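model.tsv follows; it contains TSV, C-alpha atoms and all ligand atoms.
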```tsv
chain	number	residue	atom	x	y	z
A	3	ALA	CA	14.15	-14.53	-8.85
A	4	LEU	CA	10.52	-14.68	-7.95
A	5	VAL	CA	8.52	-17.06	-10.14
A	6	PRO	CA	4.96	-16.39	-9.11
A	7	SER	CA	1.85	-17.76	-10.67
A	8	SER	CA	-1.25	-16.54	-8.90
A	9	PHE	CA	0.35	-14.11	-6.41
A	10	GLY	CA	-1.17	-15.60	-3.29
A	11	ILE	CA	0.44	-14.22	-0.12
A	12	GLU	CA	1.09	-15.96	3.16
A	13	PHE	CA	2.34	-14.74	6.54
A	14	ASP	CA	3.48	-17.79	8.47
A	15	ASN	CA	4.23	-17.16	12.13
A	16	VAL	CA	5.94	-13.84	11.51
A	17	SER	CA	7.50	-11.99	14.45
A	18	PHE	CA	9.41	-8.75	14.21
A	19	ASN	CA	10.81	-5.92	16.26
A	20	TYR	CA	12.46	-2.72	15.20
A	21	LEU	CA	16.12	-2.44	16.23
A	22	ASP	CA	15.39	-0.21	19.19
A	23	GLY	CA	12.28	-1.77	20.53
A	24	SER	CA	9.94	-4.34	21.86
A	25	PRO	CA	8.14	-6.86	19.66
A	26	VAL	CA	5.90	-5.17	17.11
A	27	LEU	CA	4.56	-8.31	15.39
A	28	ARG	CA	4.07	-11.54	17.29
A	29	ASN	CA	3.39	-14.83	15.52
A	30	VAL	CA	1.33	-13.23	12.80
A	31	SER	CA	-0.22	-15.73	10.40
A	32	TRP	CA	-2.67	-15.14	7.62
A	33	SER	CA	-2.95	-15.93	3.94
A	34	ILE	CA	-4.82	-14.60	0.99
A	35	PRO	CA	-5.34	-16.41	-2.33
A	36	GLY	CA	-4.14	-14.69	-5.49
A	37	GLY	CA	-6.49	-12.07	-6.87
A	38	GLN	CA	-8.28	-11.43	-3.59
A	39	THR	CA	-8.26	-8.47	-1.23
A	40	LEU	CA	-7.23	-8.60	2.40
A	41	ALA	CA	-7.94	-5.72	4.77
A	42	LEU	CA	-5.69	-5.21	7.78
A	43	VAL	CA	-7.46	-3.34	10.54
A	44	GLY	CA	-6.74	-2.51	14.16
A	45	ALA	CA	-5.86	0.24	16.58
A	46	THR	CA	-3.04	2.68	16.00
A	47	GLY	CA	0.32	1.08	16.74
A	48	SER	CA	-1.00	-2.48	16.32
A	49	GLY	CA	1.55	-3.23	13.58
A	50	LYS	CA	-0.46	-2.85	10.36
A	51	SER	CA	1.99	-0.65	8.48
A	52	THR	CA	4.88	-2.73	9.75
A	53	ALA	CA	3.32	-5.85	8.20
A	54	LEU	CA	3.07	-4.06	4.85
A	55	ARG	CA	6.67	-2.89	5.10
A	56	LEU	CA	7.86	-6.44	5.72
A	57	LEU	CA	5.92	-7.58	2.69
A	58	PHE	CA	7.67	-4.95	0.63
A	59	ARG	CA	10.94	-6.02	2.24
A	60	PHE	CA	11.79	-2.70	3.79
A	61	TYR	CA	13.05	-4.48	6.87
A	62	ASP	CA	15.00	-7.67	7.40
A	63	PRO	CA	15.26	-9.77	9.37
A	64	TYR	CA	12.12	-11.16	10.91
A	65	SER	CA	11.35	-14.63	12.14
A	66	GLY	CA	8.84	-16.90	10.47
A	67	HIS	CA	8.11	-16.82	6.76
A	68	ILE	CA	6.42	-14.57	4.27
A	69	ARG	CA	5.67	-16.35	1.02
A	70	ILE	CA	4.31	-15.50	-2.39
A	71	ASP	CA	2.96	-18.59	-4.10
A	72	GLY	CA	4.96	-20.67	-1.66
A	73	GLN	CA	8.24	-18.89	-2.37
A	74	CYS	CA	9.91	-17.24	0.61
A	75	LEU	CA	10.54	-13.52	0.19
A	76	ALA	CA	13.95	-14.04	1.74
A	77	ASP	CA	14.90	-16.30	-1.18
A	78	VAL	CA	14.03	-13.95	-4.03
A	79	THR	CA	15.74	-10.83	-5.26
A	80	GLN	CA	14.48	-7.46	-4.16
A	81	LYS	CA	14.31	-6.47	-7.79
A	82	SER	CA	12.05	-9.32	-8.90
A	83	LEU	CA	9.82	-8.67	-5.91
A	84	ARG	CA	9.43	-4.95	-6.48
A	85	HIS	CA	8.82	-5.61	-10.14
A	86	VAL	CA	5.46	-7.20	-9.33
A	87	MET	CA	4.45	-4.96	-6.41
A	88	ALA	CA	3.36	-1.40	-6.00
A	89	VAL	CA	3.00	0.20	-2.62
A	90	VAL	CA	1.02	3.26	-1.62
A	91	PRO	CA	2.38	4.14	1.81
A	92	GLN	CA	0.65	5.97	4.63
A	93	ASP	CA	3.11	8.84	4.49
A	94	THR	CA	4.33	9.20	0.97
A	95	VAL	CA	7.69	10.81	0.44
A	96	LEU	CA	7.97	12.18	-3.08
A	97	PHE	CA	11.08	12.93	-5.06
A	98	ASN	CA	11.96	16.60	-5.35
A	99	ASP	CA	11.18	16.64	-9.02
A	100	THR	CA	8.09	17.27	-11.15
A	101	ILE	CA	4.69	15.78	-10.42
A	102	GLU	CA	4.95	13.98	-13.74
A	103	TYR	CA	8.29	12.41	-12.79
A	104	ASN	CA	6.80	11.24	-9.51
A	105	ILE	CA	3.84	9.56	-11.21
A	106	ARG	CA	6.04	7.99	-13.88
A	107	TYR	CA	8.47	6.59	-11.36
A	108	GLY	CA	8.36	2.82	-11.79
A	109	ARG	CA	7.21	2.99	-15.41
A	110	ALA	CA	9.29	5.67	-17.01
A	111	GLY	CA	8.25	4.70	-20.53
A	112	ALA	CA	4.56	5.50	-20.07
A	113	THR	CA	3.02	7.93	-22.50
A	114	GLU	CA	1.69	11.28	-21.39
A	115	ALA	CA	-1.85	10.06	-22.00
A	116	GLU	CA	-1.24	7.10	-19.71
A	117	VAL	CA	0.16	9.38	-17.00
A	118	HIS	CA	-2.90	11.61	-17.21
A	119	ALA	CA	-5.29	8.67	-17.17
A	120	ALA	CA	-3.63	7.29	-14.05
A	121	ALA	CA	-3.82	10.70	-12.38
A	122	GLN	CA	-7.46	10.94	-13.34
A	123	ALA	CA	-8.21	7.54	-11.82
A	124	ALA	CA	-6.43	8.58	-8.64
A	125	CYS	CA	-8.47	11.83	-8.44
A	126	ILE	CA	-5.42	14.05	-8.66
A	127	HIS	CA	-5.52	15.18	-12.29
A	128	GLU	CA	-7.80	18.17	-11.71
A	129	THR	CA	-5.92	19.27	-8.62
A	130	ILE	CA	-2.70	19.26	-10.62
A	131	LEU	CA	-4.21	21.40	-13.36
A	132	ASN	CA	-6.21	23.75	-11.13
A	133	ARG	CA	-3.90	24.30	-8.21
A	134	PHE	CA	-0.53	24.55	-9.93
A	135	PRO	CA	0.08	26.97	-12.81
A	136	GLN	CA	2.80	24.69	-14.13
A	137	GLY	CA	0.59	21.61	-13.94
A	138	TYR	CA	2.43	18.33	-14.31
A	139	ALA	CA	5.74	20.19	-14.59
A	140	THR	CA	5.40	21.57	-11.06
A	141	ILE	CA	8.36	20.73	-8.83
A	142	VAL	CA	6.91	19.18	-5.68
A	143	GLY	CA	9.63	20.48	-3.34
A	144	GLU	CA	11.72	18.75	-0.73
A	145	ARG	CA	9.89	15.50	0.22
A	146	GLY	CA	6.87	16.84	-1.65
A	147	LEU	CA	6.09	19.67	0.76
A	148	ARG	CA	4.12	21.69	-1.76
A	149	LEU	CA	1.44	19.00	-1.69
A	150	SER	CA	-0.86	18.06	1.17
A	151	GLY	CA	-0.67	14.60	2.69
A	152	GLY	CA	-3.78	13.50	0.83
A	153	GLU	CA	-2.49	14.91	-2.46
A	154	LYS	CA	0.84	13.16	-2.04
A	155	GLN	CA	-0.91	9.89	-1.41
A	156	ARG	CA	-3.01	10.36	-4.52
A	157	VAL	CA	0.17	10.97	-6.54
A	158	ALA	CA	1.50	7.70	-5.10
A	159	PHE	CA	-1.79	6.02	-6.00
A	160	ALA	CA	-1.50	7.34	-9.56
A	161	ARG	CA	2.02	5.91	-9.69
A	162	ALA	CA	0.69	2.54	-8.56
A	163	ILE	CA	-2.13	2.60	-11.11
A	164	LEU	CA	0.37	3.40	-13.86
A	165	LYS	CA	2.65	0.58	-12.78
A	166	ASN	CA	-0.23	-1.90	-13.01
A	167	PRO	CA	1.28	-4.34	-10.50
A	168	SER	CA	0.20	-7.91	-9.76
A	169	ILE	CA	0.27	-7.14	-6.05
A	170	LEU	CA	-1.00	-3.86	-4.66
A	171	LEU	CA	-0.16	-2.76	-1.11
A	172	LEU	CA	-2.08	0.23	0.13
A	173	ASP	CA	-1.83	1.92	3.49
A	174	GLU	CA	-4.99	3.97	3.54
A	175	ALA	CA	-4.44	7.51	4.74
A	176	THR	CA	-6.35	8.54	7.82
A	177	SER	CA	-6.71	12.07	6.47
A	178	SER	CA	-10.30	12.94	5.78
A	179	LEU	CA	-11.31	13.43	2.19
A	180	ASP	CA	-14.40	15.22	0.97
A	181	SER	CA	-17.12	12.67	0.28
A	182	MET	CA	-16.98	13.15	-3.49
A	183	THR	CA	-13.23	12.47	-3.66
A	184	GLU	CA	-13.59	9.59	-1.26
A	185	LYS	CA	-16.27	7.99	-3.42
A	186	ARG	CA	-14.18	8.40	-6.57
A	187	ILE	CA	-11.09	6.93	-4.93
A	188	GLN	CA	-13.16	4.04	-3.65
A	189	ASP	CA	-14.41	3.40	-7.18
A	190	ALA	CA	-10.88	3.59	-8.59
A	191	LEU	CA	-9.73	1.15	-5.96
A	192	LEU	CA	-12.49	-1.32	-6.81
A	193	VAL	CA	-11.37	-1.30	-10.44
A	194	MET	CA	-7.72	-1.50	-9.42
A	195	ARG	CA	-8.34	-4.51	-7.18
A	196	GLN	CA	-9.78	-6.65	-9.93
A	197	ASP	CA	-7.45	-9.47	-10.95
A	198	ARG	CA	-4.69	-8.58	-8.56
A	199	THR	CA	-3.82	-9.48	-5.00
A	200	THR	CA	-4.39	-6.50	-2.75
A	201	VAL	CA	-3.46	-5.92	0.87
A	202	ILE	CA	-4.99	-2.77	2.30
A	203	VAL	CA	-4.45	-1.24	5.69
A	204	ALA	CA	-8.01	-0.06	5.96
A	205	HIS	CA	-9.56	2.71	7.99
A	206	ARG	CA	-12.69	3.33	5.97
A	207	LEU	CA	-15.63	1.07	6.64
A	208	SER	CA	-16.43	0.85	2.93
A	209	THR	CA	-12.95	-0.52	2.20
A	210	ILE	CA	-13.30	-3.08	4.97
A	211	MET	CA	-16.73	-4.19	3.79
A	212	ASP	CA	-15.46	-4.71	0.24
A	213	ALA	CA	-12.54	-6.93	1.27
A	214	ASP	CA	-12.61	-10.71	0.77
A	215	MET	CA	-10.91	-11.18	4.10
A	216	ILE	CA	-10.31	-9.09	7.19
A	217	VAL	CA	-7.46	-9.51	9.64
A	218	VAL	CA	-7.86	-7.64	12.91
A	219	MET	CA	-4.55	-6.77	14.55
A	220	LYS	CA	-4.21	-6.08	18.25
A	221	GLU	CA	-0.92	-5.13	19.87
A	222	GLY	CA	1.10	-6.93	17.23
A	223	GLU	CA	-0.98	-10.08	17.17
A	224	VAL	CA	-3.81	-11.32	15.00
A	225	ALA	CA	-6.91	-10.93	17.14
A	226	GLU	CA	-9.46	-12.12	14.59
A	227	THR	CA	-9.70	-13.25	10.98
A	228	GLY	CA	-12.77	-13.53	8.83
A	229	SER	CA	-15.02	-11.94	6.31
A	230	HIS	CA	-17.18	-8.93	7.08
A	231	PRO	CA	-20.37	-10.84	7.88
A	232	GLU	CA	-18.45	-13.10	10.25
A	233	LEU	CA	-16.85	-10.35	12.33
A	301	LIG	P1	-1.38	3.41	12.61
A	301	LIG	O1	-2.79	2.93	12.50
A	301	LIG	O2	-1.24	4.52	13.59
A	301	LIG	O3	-0.74	3.71	11.31
A	301	LIG	P2	0.01	0.83	12.68
A	301	LIG	O4	-0.88	-0.28	13.06
A	301	LIG	O5	0.30	1.02	11.25
A	301	LIG	O6	-0.55	2.20	13.33
A	301	LIG	P3	2.88	0.54	12.97
A	301	LIG	O7	3.27	1.78	12.25
A	301	LIG	O8	3.10	-0.75	12.28
A	301	LIG	O9	1.36	0.61	13.49
A	301	LIG	O10	3.66	0.55	14.34
A	301	LIG	C1	3.65	-0.55	15.25
A	301	LIG	C2	4.61	-0.25	16.40
A	301	LIG	O11	5.93	-0.14	15.91
A	301	LIG	C3	4.32	1.04	17.13
A	301	LIG	O12	4.53	0.82	18.50
A	301	LIG	C4	5.35	2.00	16.58
A	301	LIG	O13	5.70	2.95	17.55
A	301	LIG	C5	6.50	1.11	16.24
A	301	LIG	N1	7.25	1.60	15.08
A	301	LIG	C6	6.75	1.88	13.86
A	301	LIG	N2	7.72	2.25	13.00
A	301	LIG	C7	8.87	2.22	13.70
A	301	LIG	C8	10.23	2.49	13.38
A	301	LIG	N3	10.59	2.86	12.14
A	301	LIG	N4	11.16	2.36	14.36
A	301	LIG	C9	10.81	1.96	15.61
A	301	LIG	N5	9.54	1.67	15.97
A	301	LIG	C10	8.58	1.80	15.04
A	302	MG	MG	0.18	2.63	9.99
```
Starting from the coordinates I provided, produce the structure as structure tokens.
Ligand code: ATP
Ligand code: MG
Amino acid sequence: ALVPSSFGIEFDNVSFNYLDGSPVLRNVSWSIPGGQTLALVGATGSGKSTALRLLFRFYDPYSGHIRIDGQCLADVTQKSLRHVMAVVPQDTVLFNDTIEYNIRYGRAGATEAEVHAAAQAACIHETILNRFPQGYATIVGERGLRLSGGEKQRVAFARAILKNPSILLLDEATSSLDSMTEKRIQDALLVMRQDRTTVIVAHRLSTIMDADMIVVMKEGEVAETGSHPEL
């Protein structure tokens, strides 16, 4: 099992290709101390989401090492890993169940007040109440089709907030949000990032500027690493 202390994350010479294809990550190395935020940026197809998926152990095997506090992911159980992580993917697939079930997933014992607070922080609470007559009891439909992409991602964000993980992985949606919602999500994210290690695939300049470290990916390789003033 994973025995982490500060939740620092390290990619050490990681290379990966999907079963059917050419190399997607090539000798990727970066590390982030526990509690800090790393932004992964780069052109479409450069391997950002793939790096997050490897961190969440969606895909094995890869070459090189990914470590949390020096412990190789390959050596720890999936369960102990997922216990400390929450992921907000780029394209969220929801369970065909109620909105409430989808937010609670990962912390089933949360109270209703906690569920609503998480939804509020993720800017989805009002949408749930205003757009759906059945509110939190609304069935989201197959893969969540009754919700827009941005709404689905905010449900996933609410789920992550409720889970209160030590490591947060967030694949920022490219969908445009109105500026008010964007600002509120940004604020929620700033709060959420405090005292936990965060890896964000970032598209918004504000997210990138707020990160402790930026890794620029290019065609599966790390092109540059640094902080915002350096790049
Ligand atoms: P974007 O900014 O568009 O989200 P990205 O940097 O997240 O791009 P990835 O999704 O990691 O890029 O994809 C990197 C490469 O891997 C691309 O060439 C993509 O076509 C390929 N790829 C991604 N997912 C799969 C998959 N499940 N099977 C095969 N190839 C994949
Ligand atoms: Mg992506």
Extract, using all atoms listed in the file, all DNA, RNA and protein residues at most 12 Å from Thr113 (chain A), discarding same-chain residues fewer than 5 positions from it, and format them as a PyMOL selection string. chain A and resi 102-103+105-106+118-120+164
For ligand LIG 301 (chain A), collect every residue having any atom at a distance of at most 12 Å from a ligand atom (counting all atoms listed in the file); output as a ChimeraX atom specification. /A:18-28,42-56,60-61,91-93,172-177,202-206,217-224
With C-alpha atoms retained, could you export that selection as a PDB file, in the coordinates of the input?
```
ATOM      1  CA  PHE A  18       9.410  -8.750  14.210  1.00  0.00           C
ATOM      2  CA  ASN A  19      10.810  -5.920  16.260  1.00  0.00           C
ATOM      3  CA  TYR A  20      12.460  -2.720  15.200  1.00  0.00           C
ATOM      4  CA  LEU A  21      16.120  -2.440  16.230  1.00  0.00           C
ATOM      5  CA  ASP A  22      15.390  -0.210  19.190  1.00  0.00           C
ATOM      6  CA  GLY A  23      12.280  -1.770  20.530  1.00  0.00           C
ATOM      7  CA  SER A  24       9.940  -4.340  21.860  1.00  0.00           C
ATOM      8  CA  PRO A  25       8.140  -6.860  19.660  1.00  0.00           C
ATOM      9  CA  VAL A  26       5.900  -5.170  17.110  1.00  0.00           C
ATOM     10  CA  LEU A  27       4.560  -8.310  15.390  1.00  0.00           C
ATOM     11  CA  ARG A  28       4.070 -11.540  17.290  1.00  0.00           C
ATOM     12  CA  LEU A  42      -5.690  -5.210   7.780  1.00  0.00           C
ATOM     13  CA  VAL A  43      -7.460  -3.340  10.540  1.00  0.00           C
ATOM     14  CA  GLY A  44      -6.740  -2.510  14.160  1.00  0.00           C
ATOM     15  CA  ALA A  45      -5.860   0.240  16.580  1.00  0.00           C
ATOM     16  CA  THR A  46      -3.040   2.680  16.000  1.00  0.00           C
ATOM     17  CA  GLY A  47       0.320   1.080  16.740  1.00  0.00           C
ATOM     18  CA  SER A  48      -1.000  -2.480  16.320  1.00  0.00           C
ATOM     19  CA  GLY A  49       1.550  -3.230  13.580  1.00  0.00           C
ATOM     20  CA  LYS A  50      -0.460  -2.850  10.360  1.00  0.00           C
ATOM     21  CA  SER A  51       1.990  -0.650   8.480  1.00  0.00           C
ATOM     22  CA  THR A  52       4.880  -2.730   9.750  1.00  0.00           C
ATOM     23  CA  ALA A  53       3.320  -5.850   8.200  1.00  0.00           C
ATOM     24  CA  LEU A  54       3.070  -4.060   4.850  1.00  0.00           C
ATOM     25  CA  ARG A  55       6.670  -2.890   5.100  1.00  0.00           C
ATOM     26  CA  LEU A  56       7.860  -6.440   5.720  1.00  0.00           C
ATOM     27  CA  PHE A  60      11.790  -2.700   3.790  1.00  0.00           C
ATOM     28  CA  TYR A  61      13.050  -4.480   6.870  1.00  0.00           C
ATOM     29  CA  PRO A  91       2.380   4.140   1.810  1.00  0.00           C
ATOM     30  CA  GLN A  92       0.650   5.970   4.630  1.00  0.00           C
ATOM     31  CA  ASP A  93       3.110   8.840   4.490  1.00  0.00           C
ATOM     32  CA  LEU A 172      -2.080   0.230   0.130  1.00  0.00           C
ATOM     33  CA  ASP A 173      -1.830   1.920   3.490  1.00  0.00           C
ATOM     34  CA  GLU A 174      -4.990   3.970   3.540  1.00  0.00           C
ATOM     35  CA  ALA A 175      -4.440   7.510   4.740  1.00  0.00           C
ATOM     36  CA  THR A 176      -6.350   8.540   7.820  1.00  0.00           C
ATOM     37  CA  SER A 177      -6.710  12.070   6.470  1.00  0.00           C
ATOM     38  CA  ILE A 202      -4.990  -2.770   2.300  1.00  0.00           C
ATOM     39  CA  VAL A 203      -4.450  -1.240   5.690  1.00  0.00           C
ATOM     40  CA  ALA A 204      -8.010  -0.060   5.960  1.00  0.00           C
ATOM     41  CA  HIS A 205      -9.560   2.710   7.990  1.00  0.00           C
ATOM     42  CA  ARG A 206     -12.690   3.330   5.970  1.00  0.00           C
ATOM     43  CA  VAL A 217      -7.460  -9.510   9.640  1.00  0.00           C
ATOM     44  CA  VAL A 218      -7.860  -7.640  12.910  1.00  0.00           C
ATOM     45  CA  MET A 219      -4.550  -6.770  14.550  1.00  0.00           C
ATOM     46  CA  LYS A 220      -4.210  -6.080  18.250  1.00  0.00           C
ATOM     47  CA  GLU A 221      -0.920  -5.130  19.870  1.00  0.00           C
ATOM     48  CA  GLY A 222       1.100  -6.930  17.230  1.00  0.00           C
ATOM     49  CA  GLU A 223      -0.980 -10.080  17.170  1.00  0.00           C
ATOM     50  CA  VAL A 224      -3.810 -11.320  15.000  1.00  0.00           C
TER      51      VAL A 224
END
```
Determine, for each residue of region 58-162 of chain A having at least one atom at most 10 Å from an atom of region 4-12 of chain A, the closest pair of atoms and their separation in Å to one decimal, counting all atoms listed in the file; order by chain and ascending number, as a Markdown table.
```
| residue | atom | partner | partner_atom | distance |
| --- | --- | --- | --- | --- |
| A:His67 | CA | A:Glu12 | CA | 7.9 |
| A:Ile68 | CA | A:Glu12 | CA | 5.6 |
| A:Arg69 | CA | A:Glu12 | CA | 5.1 |
| A:Ile70 | CA | A:Ile11 | CA | 4.7 |
| A:Asp71 | CA | A:Gly10 | CA | 5.2 |
| A:Gly72 | CA | A:Glu12 | CA | 7.8 |
| A:Gln73 | CA | A:Leu4 | CA | 7.4 |
| A:Cys74 | CA | A:Leu4 | CA | 9.0 |
| A:Leu75 | CA | A:Leu4 | CA | 8.2 |
| A:Asp77 | CA | A:Leu4 | CA | 8.2 |
| A:Val78 | CA | A:Leu4 | CA | 5.3 |
| A:Thr79 | CA | A:Leu4 | CA | 7.0 |
| A:Gln80 | CA | A:Leu4 | CA | 9.1 |
| A:Lys81 | CA | A:Leu4 | CA | 9.0 |
| A:Ser82 | CA | A:Leu4 | CA | 5.7 |
| A:Leu83 | CA | A:Leu4 | CA | 6.4 |
| A:Arg84 | CA | A:Leu4 | CA | 9.9 |
| A:His85 | CA | A:Leu4 | CA | 9.5 |
| A:Val86 | CA | A:Phe9 | CA | 9.1 |
```
Could you tell me how far CA of Glu153 (chain A) lies from CA of Ala41 (chain A), in Å and to one decimal?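 CA of Glu153 (chain A) sits 22.5 Å away from CA of Ala41 (chain A).
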Hey, what's within 7 Å of region 179-192 of chain A if we count all atoms listed in the file and toss same-chain stuff fewer than 5 positions away? As a list of chain:residue names, please?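 Using all atoms listed in the file, the neighbours found are A:Ala123, A:Ala124, A:Cys125.
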